[in-house]
file upload_18.txt (compact mmCIF, C-alpha atoms and all ligand atoms)
# COMPACT_ATOMS: atom_id res chain seq x y z
CA MET G 1 25.12 100.81 209.02
CA GLU G 2 23.14 98.85 211.61
CA ASN G 3 24.63 99.59 215.00
CA THR G 4 24.97 103.33 214.69
CA LYS G 5 25.41 103.83 218.46
CA LYS G 6 29.06 102.84 218.03
CA LEU G 7 29.60 105.66 215.55
CA ARG G 8 29.48 108.26 218.30
CA SER G 9 31.73 106.56 220.84
CA TRP G 10 34.64 108.85 219.91
CA LEU G 11 32.48 111.85 220.77
CA ASP G 12 31.07 110.36 223.99
CA ALA G 13 34.64 109.60 225.07
CA PHE G 14 35.32 113.35 225.34
CA GLY G 15 32.73 113.46 228.17
CA LEU G 16 31.75 117.02 227.28
CA ASP G 17 28.82 118.76 228.95
CA HIS G 18 28.45 121.07 225.96
CA PRO G 19 28.49 120.59 222.19
CA LEU G 20 31.85 119.73 220.67
CA VAL G 21 33.75 122.81 219.48
CA ILE G 22 36.28 122.55 216.67
CA ALA G 23 37.95 125.87 215.92
CA GLY G 24 40.95 127.31 214.16
CA PRO G 25 41.93 129.06 210.97
CA CYS G 26 40.66 128.24 207.51
CA SER G 27 44.30 127.71 206.52
CA ALA G 28 47.51 127.19 208.42
CA GLU G 29 49.61 130.16 207.25
CA THR G 30 52.76 130.23 209.38
CA GLU G 31 53.98 128.37 212.45
CA ASP G 32 53.48 131.49 214.56
CA GLN G 33 49.94 131.95 213.29
CA VAL G 34 48.95 128.36 214.13
CA LEU G 35 50.53 128.49 217.59
CA LYS G 36 49.11 131.89 218.44
CA ILE G 37 45.56 130.84 217.52
CA ALA G 38 45.94 127.53 219.37
CA HIS G 39 47.00 129.34 222.55
CA GLN G 40 44.09 131.76 222.26
CA LEU G 41 41.69 128.81 221.92
CA LYS G 42 43.24 126.83 224.75
CA ASN G 43 41.04 128.17 227.54
CA THR G 44 37.80 128.22 225.57
CA ASP G 45 35.32 125.35 225.03
CA THR G 46 37.42 124.22 222.06
CA THR G 47 38.48 120.57 222.06
CA VAL G 48 39.89 120.30 218.55
CA LEU G 49 42.11 122.71 216.61
CA ARG G 50 41.34 122.85 212.89
CA ALA G 51 43.59 124.18 210.12
CA GLY G 52 43.58 123.48 206.39
CA ILE G 53 46.98 122.38 205.11
CA TRP G 54 45.99 121.47 201.58
CA LYS G 55 43.29 123.86 200.40
CA PRO G 56 40.97 122.82 197.59
CA ARG G 57 40.08 126.03 195.80
CA THR G 58 37.25 126.39 193.33
CA ARG G 59 39.43 128.60 191.11
CA PRO G 60 43.23 128.36 190.83
CA GLY G 61 45.33 131.30 191.93
CA ASN G 62 44.00 131.54 195.47
CA PHE G 63 46.13 130.41 198.41
CA GLU G 64 46.34 126.64 198.11
CA GLY G 65 47.77 125.82 201.52
CA VAL G 66 51.26 125.43 202.95
CA GLY G 67 51.34 121.65 202.42
CA ASP G 68 53.08 119.00 204.55
CA LEU G 69 55.10 121.57 206.44
CA GLY G 70 51.97 122.68 208.30
CA LEU G 71 51.45 119.22 209.82
CA LYS G 72 54.46 119.83 212.09
CA TRP G 73 52.91 123.12 213.25
CA LEU G 74 49.72 121.29 214.21
CA GLN G 75 51.77 118.72 216.13
CA LYS G 76 53.56 121.49 217.97
CA ALA G 77 50.27 123.25 218.75
CA LYS G 78 48.95 120.02 220.22
CA GLU G 79 52.07 119.55 222.35
CA GLU G 80 51.89 123.08 223.69
CA THR G 81 48.13 123.35 224.30
CA GLY G 82 46.74 119.82 224.60
CA LEU G 83 44.17 120.58 221.90
CA LEU G 84 43.45 117.71 219.52
CA THR G 85 44.06 118.43 215.84
CA THR G 86 42.18 118.05 212.57
CA THR G 87 42.87 118.82 208.93
CA GLU G 88 41.33 118.12 205.54
CA VAL G 89 42.55 115.19 203.47
CA ALA G 90 41.72 114.82 199.79
CA ASN G 91 43.89 111.93 198.55
CA ALA G 92 45.75 108.85 199.80
CA ASN G 93 49.01 110.79 200.06
CA HIS G 94 47.41 113.36 202.38
CA VAL G 95 46.09 110.50 204.52
CA ASP G 96 49.52 108.91 204.70
CA LEU G 97 51.17 112.17 205.80
CA ALA G 98 48.40 113.04 208.28
CA LEU G 99 48.71 109.58 209.88
CA LYS G 100 52.50 109.94 210.11
CA HIS G 101 52.03 113.25 211.92
CA ASP G 102 49.41 111.89 214.33
CA ILE G 103 46.65 114.25 213.29
CA ASP G 104 43.76 113.14 215.54
CA ILE G 105 40.76 113.70 213.30
CA LEU G 106 40.59 113.92 209.51
CA TRP G 107 37.89 115.73 207.62
CA VAL G 108 36.71 115.19 204.08
CA GLY G 109 35.90 118.42 202.23
CA ALA G 110 32.76 119.23 200.28
CA ARG G 111 34.61 119.09 196.96
CA THR G 112 35.81 115.58 197.82
CA THR G 113 32.53 114.09 199.09
CA VAL G 114 31.06 114.63 195.62
CA SER G 115 33.46 112.03 194.18
CA PRO G 116 32.88 108.38 195.10
CA PHE G 117 36.24 107.50 193.51
CA ILE G 118 38.21 109.80 195.82
CA VAL G 119 36.11 108.89 198.86
CA GLN G 120 36.88 105.22 198.18
CA GLU G 121 40.59 106.04 197.80
CA LEU G 122 40.51 107.72 201.23
CA ALA G 123 38.58 104.85 202.82
CA ASP G 124 41.08 102.33 201.44
CA ALA G 125 44.01 104.42 202.68
CA LEU G 126 42.50 104.56 206.18
CA LYS G 127 41.54 100.88 206.42
CA GLY G 128 42.89 99.24 209.58
CA THR G 129 43.25 102.51 211.50
CA ASP G 130 40.86 103.79 214.16
CA LYS G 131 40.91 107.37 212.97
CA THR G 132 37.91 109.62 213.44
CA ILE G 133 36.65 110.88 210.10
CA LEU G 134 34.26 113.80 209.67
CA ILE G 135 32.53 113.97 206.33
CA LYS G 136 31.33 117.29 205.01
CA ASN G 137 28.22 117.34 202.87
CA PRO G 138 28.82 117.38 199.12
CA ILE G 139 28.60 120.77 197.39
CA ASN G 140 25.27 119.80 195.80
CA PRO G 141 22.15 119.13 197.90
CA ASP G 142 22.18 115.34 197.63
CA LEU G 143 21.61 113.37 200.83
CA ALA G 144 22.34 110.02 199.14
CA LEU G 145 25.80 111.16 198.03
CA TRP G 146 26.56 112.38 201.57
CA LEU G 147 25.39 109.11 203.14
CA GLY G 148 27.18 107.13 200.42
CA ALA G 149 30.47 108.66 201.55
CA VAL G 150 29.73 107.77 205.19
CA GLU G 151 28.96 104.19 204.11
CA ARG G 152 32.23 103.86 202.17
CA PHE G 153 34.21 104.60 205.36
CA TYR G 154 31.96 102.40 207.47
CA GLU G 155 32.35 99.50 205.08
CA ALA G 156 36.14 99.92 205.22
CA GLY G 157 35.85 99.21 208.96
CA LEU G 158 36.04 102.82 210.14
CA GLU G 159 33.51 103.29 212.90
CA ASN G 160 34.49 106.62 214.40
CA LEU G 161 32.50 108.80 212.09
CA GLY G 162 30.64 112.08 212.01
CA VAL G 163 29.22 114.50 209.47
CA ILE G 164 29.67 118.24 208.99
CA HIS G 165 26.91 120.42 207.56
CA ARG G 166 28.53 123.27 205.57
CA GLY G 167 25.65 124.26 203.33
CA PHE G 168 25.00 123.72 199.64
CA SER G 169 26.08 125.66 196.59
CA THR G 170 23.46 127.55 194.58
CA TYR G 171 23.74 129.45 191.33
CA GLU G 172 21.68 132.40 192.54
CA LYS G 173 23.31 134.72 195.06
CA THR G 174 21.51 134.46 198.41
CA ARG G 175 22.25 135.84 201.85
CA TYR G 176 24.42 132.78 202.41
CA ARG G 177 27.64 131.70 200.74
CA ASN G 178 26.20 128.18 200.82
CA ASN G 179 22.50 127.66 201.39
CA PRO G 180 21.80 125.80 204.67
CA GLU G 181 18.88 123.70 203.32
CA TRP G 182 18.24 122.61 206.91
CA GLN G 183 15.82 119.93 205.76
CA ILE G 184 18.72 117.82 204.48
CA PRO G 185 20.61 117.49 207.80
CA ILE G 186 17.24 117.04 209.55
CA ASP G 187 16.46 114.10 207.22
CA LEU G 188 19.92 112.70 207.85
CA GLN G 189 19.46 113.01 211.60
CA ASN G 190 16.09 111.24 211.43
CA ARG G 191 17.67 108.33 209.55
CA PHE G 192 20.85 108.10 211.69
CA PRO G 193 20.12 109.75 215.05
CA ASP G 194 23.43 108.57 216.55
CA LEU G 195 25.72 109.81 213.81
CA PRO G 196 27.37 112.94 215.25
CA LEU G 197 26.23 116.00 213.34
CA ILE G 198 28.41 119.11 213.39
CA LEU G 199 27.63 122.54 211.97
CA ASP G 200 30.18 124.54 209.99
CA PRO G 201 28.52 127.97 210.15
CA SER G 202 31.55 129.67 208.57
CA HIS G 203 31.20 128.16 205.10
CA ILE G 204 27.40 128.48 205.18
CA ALA G 205 27.58 132.16 206.12
CA GLY G 206 30.60 133.37 204.19
CA ARG G 207 30.43 136.39 206.53
CA ARG G 208 30.81 137.00 210.23
CA ASP G 209 27.51 138.60 211.21
CA ILE G 210 25.20 135.58 210.84
CA ILE G 211 27.42 132.92 212.38
CA PHE G 212 25.81 133.19 215.81
CA ASP G 213 22.25 132.72 214.47
CA LEU G 214 23.29 129.72 212.41
CA CYS G 215 24.88 128.12 215.48
CA GLN G 216 21.74 128.76 217.53
CA THR G 217 19.51 127.15 214.90
CA ALA G 218 21.82 124.11 214.80
CA LEU G 219 21.79 123.73 218.58
CA ASP G 220 17.99 124.05 218.59
CA LEU G 221 17.98 121.25 216.02
CA ASN G 222 20.09 119.16 218.39
CA PHE G 223 23.37 119.23 216.45
CA ASP G 224 26.30 117.69 218.36
CA GLY G 225 28.95 120.28 217.65
CA LEU G 226 30.28 123.31 215.83
CA MET G 227 33.29 123.81 213.57
CA VAL G 228 34.07 127.52 213.43
CA GLU G 229 36.83 129.23 211.45
CA THR G 230 38.82 131.33 213.89
CA HIS G 231 41.79 133.66 213.37
CA TYR G 232 43.46 136.31 215.57
CA ASP G 233 43.38 138.73 212.62
CA PRO G 234 40.42 137.60 210.49
CA ASP G 235 40.57 140.49 208.01
CA ASN G 236 44.10 139.56 207.04
CA ALA G 237 43.60 135.79 206.84
CA TRP G 238 45.07 134.27 203.68
CA SER G 239 41.79 132.51 202.86
CA ASP G 240 38.12 133.03 203.77
CA ALA G 241 38.91 136.33 205.52
CA LYS G 242 35.31 137.57 205.56
CA GLN G 243 33.92 134.63 207.50
CA GLN G 244 36.50 134.10 210.24
CA ILE G 245 36.00 135.32 213.81
CA THR G 246 38.50 135.85 216.60
CA PRO G 247 38.97 133.24 219.36
CA GLN G 248 37.63 135.86 221.80
CA LYS G 249 34.45 136.22 219.77
CA LEU G 250 34.05 132.45 219.64
CA ASP G 251 34.49 132.24 223.40
CA GLN G 252 31.76 134.86 223.94
CA MET G 253 29.52 133.05 221.48
CA THR G 254 29.70 129.79 223.44
CA VAL G 255 28.57 131.74 226.52
CA ASP G 256 25.66 133.43 224.70
CA LEU G 257 24.33 130.38 222.87
CA ARG G 258 21.39 128.54 224.40
CA ILE G 259 22.68 125.02 224.83
CA ARG G 260 20.46 122.09 225.68
CA LYS G 261 22.58 119.18 226.77
CA GLU G 262 21.24 118.35 230.24
CA GLU G 263 19.40 115.12 230.94
CA GLY G 264 16.36 114.16 233.03
CA ASP G 265 12.78 113.29 232.05
CA GLU G 266 11.36 116.78 232.20
CA ILE G 267 14.38 118.27 230.43
CA GLU G 268 14.37 115.51 227.83
CA PHE G 269 10.73 116.27 227.09
CA ARG G 270 11.48 119.97 226.69
CA ASN G 271 14.52 119.27 224.51
CA LYS G 272 12.53 117.01 222.21
CA LEU G 273 9.77 119.58 221.97
CA ALA G 274 12.28 122.35 221.23
CA THR G 275 13.91 120.27 218.49
CA MET G 276 10.57 119.56 216.83
CA ARG G 277 9.64 123.22 217.06
CA ALA G 278 12.92 124.15 215.40
CA GLN G 279 12.10 121.65 212.64
CA ILE G 280 8.68 123.26 212.19
CA ASP G 281 10.32 126.69 211.98
CA VAL G 282 12.51 125.41 209.14
CA ILE G 283 9.46 124.12 207.26
CA ASP G 284 7.44 127.31 207.88
CA HIS G 285 10.30 129.34 206.48
CA LYS G 286 10.28 127.11 203.39
CA LEU G 287 6.49 127.51 203.06
CA LEU G 288 6.88 131.29 202.96
CA GLU G 289 9.63 131.03 200.39
CA ILE G 290 7.45 128.80 198.21
CA LEU G 291 4.45 131.14 198.56
CA GLY G 292 6.70 134.09 197.67
CA ASN G 293 7.87 132.27 194.54
CA ARG G 294 4.28 131.47 193.61
CA MET G 295 3.33 135.14 193.85
CA LYS G 296 6.28 136.13 191.67
CA ILE G 297 4.78 133.96 188.92
CA SER G 298 1.36 135.55 189.58
CA ASP G 299 2.99 138.93 188.95
CA GLN G 300 4.34 137.67 185.64
CA ILE G 301 0.91 136.29 184.69
CA GLY G 302 -0.55 139.67 185.64
CA SER G 303 1.68 141.54 183.24
CA LEU G 304 1.05 138.98 180.48
CA LYS G 305 -2.73 139.36 180.92
CA LYS G 306 -2.38 143.13 180.97
CA LYS G 307 -0.42 143.15 177.71
CA ASN G 308 -3.00 140.88 176.05
CA ASN G 309 -6.00 142.63 177.55
CA VAL G 310 -7.32 139.56 179.37
CA ALA G 311 -9.39 139.72 182.61
CA ILE G 312 -7.65 138.80 185.86
CA LEU G 313 -10.28 136.42 187.19
CA GLN G 314 -10.76 133.20 185.22
CA THR G 315 -13.25 131.06 187.08
CA LYS G 316 -12.87 127.90 185.02
CA ARG G 317 -9.11 127.69 185.59
CA TRP G 318 -9.62 128.39 189.31
CA ASN G 319 -12.16 125.57 189.74
CA GLU G 320 -9.82 123.15 188.01
CA ILE G 321 -7.00 124.08 190.41
CA LEU G 322 -9.26 123.59 193.42
CA ASP G 323 -10.47 120.13 192.33
CA LYS G 324 -6.92 118.99 191.73
CA MET G 325 -5.66 120.35 195.04
CA ILE G 326 -8.48 118.69 197.02
CA LEU G 327 -7.50 115.33 195.51
CA GLN G 328 -3.76 115.82 196.06
CA GLY G 329 -4.39 117.22 199.54
CA GLY G 330 -6.28 114.05 200.42
CA ASP G 331 -3.14 112.05 199.61
CA GLN G 332 -1.29 114.21 202.17
CA LYS G 333 -4.03 113.68 204.77
CA LEU G 334 -5.20 117.30 204.50
CA SER G 335 -8.95 117.86 204.87
CA GLU G 336 -11.05 119.32 202.07
CA GLU G 337 -12.09 122.14 204.39
CA PHE G 338 -8.47 123.11 205.02
CA ILE G 339 -7.53 122.93 201.33
CA LEU G 340 -10.49 125.14 200.42
CA LYS G 341 -9.63 127.73 203.04
CA MET G 342 -5.95 127.75 202.24
CA PHE G 343 -6.30 127.97 198.47
CA LYS G 344 -8.97 130.67 198.74
CA ALA G 345 -6.47 132.74 200.68
CA VAL G 346 -3.66 131.96 198.23
CA HIS G 347 -5.93 132.79 195.29
CA GLN G 348 -6.99 136.08 196.85
CA GLU G 349 -3.37 137.09 197.42
CA SER G 350 -2.59 136.13 193.83
CA ILE G 351 -5.45 138.29 192.52
CA ASN G 352 -4.20 141.20 194.65
CA HIS G 353 -0.75 140.80 193.15
CA GLN G 354 -2.17 140.78 189.62
CA LYS G 355 -4.32 143.81 190.39
CA ASN G 356 -1.23 145.69 191.52
CA VAL G 357 0.44 144.83 188.24
CA PHE G 358 -2.64 146.06 186.31
CA ASN G 359 -2.60 149.34 188.21
CA GLU G 360 1.11 150.01 187.69
C1 LIG P 1 37.36 124.35 204.88
O1 LIG P 1 36.84 123.81 205.87
O2 LIG P 1 38.23 125.23 204.96
C2 LIG P 1 36.85 123.99 203.55
C3 LIG P 1 37.59 124.09 202.46
O3 LIG P 1 35.58 123.62 203.61
P1 LIG P 1 34.56 123.02 202.50
O4 LIG P 1 35.12 121.72 202.07
O5 LIG P 1 33.33 122.91 203.33
O6 LIG P 1 34.43 124.04 201.42
MN MN P 2 37.60 127.93 204.74
call {"tool": "encode", "arguments": {"input": "upload_18.txt", "output": "structure tokens", "more": "lines below"}}
Ligand code: PEP
Ligand code: MN
result
Amino acid sequence: MENTKKLRSWLDAFGLDHPLVIAGPCSAETEDQVLKIAHQLKNTDTTVLRAGIWKPRTRPGNFEGVGDLGLKWLQKAKEETGLLTTTEVANANHVDLALKHDIDILWVGARTTVSPFIVQELADALKGTDKTILIKNPINPDLALWLGAVERFYEAGLENLGVIHRGFSTYEKTRYRNNPEWQIPIDLQNRFPDLPLILDPSHIAGRRDIIFDLCQTALDLNFDGLMVETHYDPDNAWSDAKQQITPQKLDQMTVDLRIRKEEGDEIEFRNKLATMRAQIDVIDHKLLEILGNRMKISDQIGSLKKKNNVAILQTKRWNEILDKMILQGGDQKLSEEFILKMFKAVHQESINHQKNVFNE
């Protein structure tokens, strides 16, 4: 992908003075539901109406979508409101039907991006069209797999492309349904700064109350748009009920979010600075997480030493760690003075943790 400027021409063509907003229900449920939501979104910042027609579910037995029938509802919603439309496609037959029904933008779901075979099938089915394709990250945190999918479409001659960050699956339960792992979209953005990057806060959050904060982080990181699951009666949605918000809530959110889209030298400088600061915040958060994990192991060592009646402080082991860290720190361009100060502090905290375990 050499000339990546072209990749965003579909987005530039909208001429928006705010990030792109894609909104609509997780699933199309009934014609009335689709039309009602579309009308409620009509006078918001929303440009594109989303609705899943074929729903890939991790476990069978959940609502699997209304199928082809729903494509007509999307067409009708577009006619009545002027909103563009988008739905998820997961095989060549879906592509064929979506093209026949003039769906404007197609998205590739997280469970599809993981499979190069299916991605290739989609790319082949779309060859020769000028459709806009948005590619969600794969379920697993693998940047190469995500980029590989983008490349398969690009190599099939599709140049209206974008990516959607929807978080990554983890085995442990965290505060998120899918961990944001912000470093991955940041890396992607650094490699392909022109490839439109859209946040799907709904599938990251899995719940309503943190959607706003996720959107703000993404805008601070210079994302190009948001895809938000929206329903007039979120609690009674047929899928992903916990994470959907009402169109009214979405509208308010777009007012409350700090958006940095203006141009001008001074503003550009401030935007760049703000983006880098947001990147640093992501890394600092990671640092704390890593330090927390390190101390958890210190606690375990503490209880092991206690059981075996061994002293907390073991100077020989400590000196070995320091020597190794000074060498490795040098490779990272970190001064010996800094490494000494930092590891002394880490070591002290570790001793305190072990002492607490001894005193329990
Ligand atoms: C969706 O957007 O409704 C969806 C199924 O998303 P994902 O592929 O990110 O799980
Ligand atoms: Mn969903």
call {"tool": "residues_near_ligand", "arguments": {"input": "upload_18.txt", "ligand": "ligand LIG 1 (chain P)", "cutoff": "9 Å", "atoms": "only C-alpha atoms and all ligand atoms", "output": "tab-separated table (two decimals) with C-alpha atoms, in the coordinates of the input"}}
result
chain	number	residue	atom	x	y	z
G	25	PRO	CA	41.93	129.06	210.97
G	26	CYS	CA	40.66	128.24	207.51
G	27	SER	CA	44.30	127.71	206.52
G	50	ARG	CA	41.34	122.85	212.89
G	51	ALA	CA	43.59	124.18	210.12
G	52	GLY	CA	43.58	123.48	206.39
G	54	TRP	CA	45.99	121.47	201.58
G	55	LYS	CA	43.29	123.86	200.40
G	56	PRO	CA	40.97	122.82	197.59
G	57	ARG	CA	40.08	126.03	195.80
G	58	THR	CA	37.25	126.39	193.33
G	87	THR	CA	42.87	118.82	208.93
G	88	GLU	CA	41.33	118.12	205.54
G	107	TRP	CA	37.89	115.73	207.62
G	108	VAL	CA	36.71	115.19	204.08
G	109	GLY	CA	35.90	118.42	202.23
G	110	ALA	CA	32.76	119.23	200.28
G	111	ARG	CA	34.61	119.09	196.96
G	112	THR	CA	35.81	115.58	197.82
G	113	THR	CA	32.53	114.09	199.09
G	136	LYS	CA	31.33	117.29	205.01
G	137	ASN	CA	28.22	117.34	202.87
G	138	PRO	CA	28.82	117.38	199.12
G	139	ILE	CA	28.60	120.77	197.39
G	164	ILE	CA	29.67	118.24	208.99
G	165	HIS	CA	26.91	120.42	207.56
G	166	ARG	CA	28.53	123.27	205.57
G	167	GLY	CA	25.65	124.26	203.33
G	200	ASP	CA	30.18	124.54	209.99
G	202	SER	CA	31.55	129.67	208.57
G	203	HIS	CA	31.20	128.16	205.10
G	204	ILE	CA	27.40	128.48	205.18
G	227	MET	CA	33.29	123.81	213.57
G	228	VAL	CA	34.07	127.52	213.43
G	229	GLU	CA	36.83	129.23	211.45
G	239	SER	CA	41.79	132.51	202.86
G	240	ASP	CA	38.12	133.03	203.77
call {"tool": "closest_residue", "arguments": {"input": "upload_18.txt", "among": "G:Leu83, G:Leu257, G:Leu35, G:Ala28", "to": "ligand MN 2 (chain P)", "atoms": "only C-alpha atoms and all ligand atoms"}}
result
G:Ala28
call {"tool": "residues_around", "arguments": {"input": "upload_18.txt", "residues": "G:Asp32", "least_positions_apart": "3", "cutoff": "12 Å", "atoms": "all atoms listed in the file", "output": "list in words"}}
result
Ala28, Glu29, Leu35, Lys36, Ile37, Ala38, His39, Gly70, Lys72, Trp73, Leu74, Lys76, Ala77, His231 and Tyr232 of chain G
call {"tool": "closest_residue", "arguments": {"input": "upload_18.txt", "among": "G:Glu64, G:Glu268, G:Glu320, G:Asp17", "to": "ligand MN 2 (chain P)", "atoms": "all atoms listed in the file"}}
result
G:Glu64
call {"tool": "residues_around", "arguments": {"input": "upload_18.txt", "residues": "stretch 346-357 of chain G", "least_positions_apart": "4", "cutoff": "10 Å", "atoms": "all atoms listed in the file", "output": "number ranges by chain"}}
result
G: 291, 294-306, 312-313, 318, 322, 340-342
call {"tool": "closest_residue", "arguments": {"input": "upload_18.txt", "among": "G:Val21, G:Ala237, G:Val34, G:Val48", "to": "G:Leu199", "atoms": "all atoms listed in the file"}}
result
G:Val21
call {"tool": "closest_residue", "arguments": {"input": "upload_18.txt", "among": "G:Thr217, G:Asn179, G:Gln244, G:Asn43", "to": "ligand MN 2 (chain P)", "atoms": "only C-alpha atoms and all ligand atoms"}}
result
G:Gln244
call {"tool": "build_atoms", "arguments": {"input": "upload_18.txt", "residues": "stretch 157-169 of chain G", "atoms": "N, CA, C and O atoms", "output": "compact mmCIF listing (two decimals), in the frame of the given file"}}
result
# COMPACT_ATOMS: atom_id res chain seq x y z
N GLY G 157 35.55 99.55 207.56
CA GLY G 157 35.85 99.21 208.96
C GLY G 157 36.08 100.43 209.85
O GLY G 157 36.48 100.30 211.00
N LEU G 158 35.85 101.62 209.33
CA LEU G 158 36.04 102.82 210.14
C LEU G 158 34.73 103.14 210.84
O LEU G 158 33.71 103.35 210.19
N GLU G 159 34.77 103.14 212.17
CA GLU G 159 33.51 103.29 212.90
C GLU G 159 33.45 104.56 213.74
O GLU G 159 32.46 104.82 214.41
N ASN G 160 34.53 105.33 213.71
CA ASN G 160 34.49 106.62 214.40
C ASN G 160 34.19 107.68 213.37
O ASN G 160 35.08 108.23 212.72
N LEU G 161 32.91 107.94 213.20
CA LEU G 161 32.50 108.80 212.09
C LEU G 161 31.61 109.94 212.56
O LEU G 161 31.00 109.89 213.63
N GLY G 162 31.56 110.97 211.75
CA GLY G 162 30.64 112.08 212.01
C GLY G 162 30.44 112.83 210.70
O GLY G 162 31.16 112.59 209.72
N VAL G 163 29.46 113.72 210.68
CA VAL G 163 29.22 114.50 209.47
C VAL G 163 29.23 115.99 209.80
O VAL G 163 28.91 116.39 210.92
N ILE G 164 29.63 116.78 208.82
CA ILE G 164 29.67 118.24 208.99
C ILE G 164 28.76 118.88 207.95
O ILE G 164 28.91 118.63 206.75
N HIS G 165 27.83 119.70 208.44
CA HIS G 165 26.91 120.42 207.56
C HIS G 165 27.52 121.78 207.23
O HIS G 165 27.67 122.61 208.12
N ARG G 166 27.90 122.00 205.96
CA ARG G 166 28.53 123.27 205.57
C ARG G 166 27.75 123.99 204.48
O ARG G 166 28.26 124.89 203.84
N GLY G 167 26.49 123.56 204.30
CA GLY G 167 25.65 124.26 203.33
C GLY G 167 25.91 123.79 201.91
O GLY G 167 26.86 123.06 201.64
N PHE G 168 25.00 124.23 201.00
CA PHE G 168 25.00 123.72 199.64
C PHE G 168 25.10 124.88 198.65
O PHE G 168 24.47 125.93 198.83
N SER G 169 25.84 124.63 197.59
CA SER G 169 26.08 125.66 196.59
C SER G 169 24.81 125.93 195.77
O SER G 169 24.07 125.01 195.46
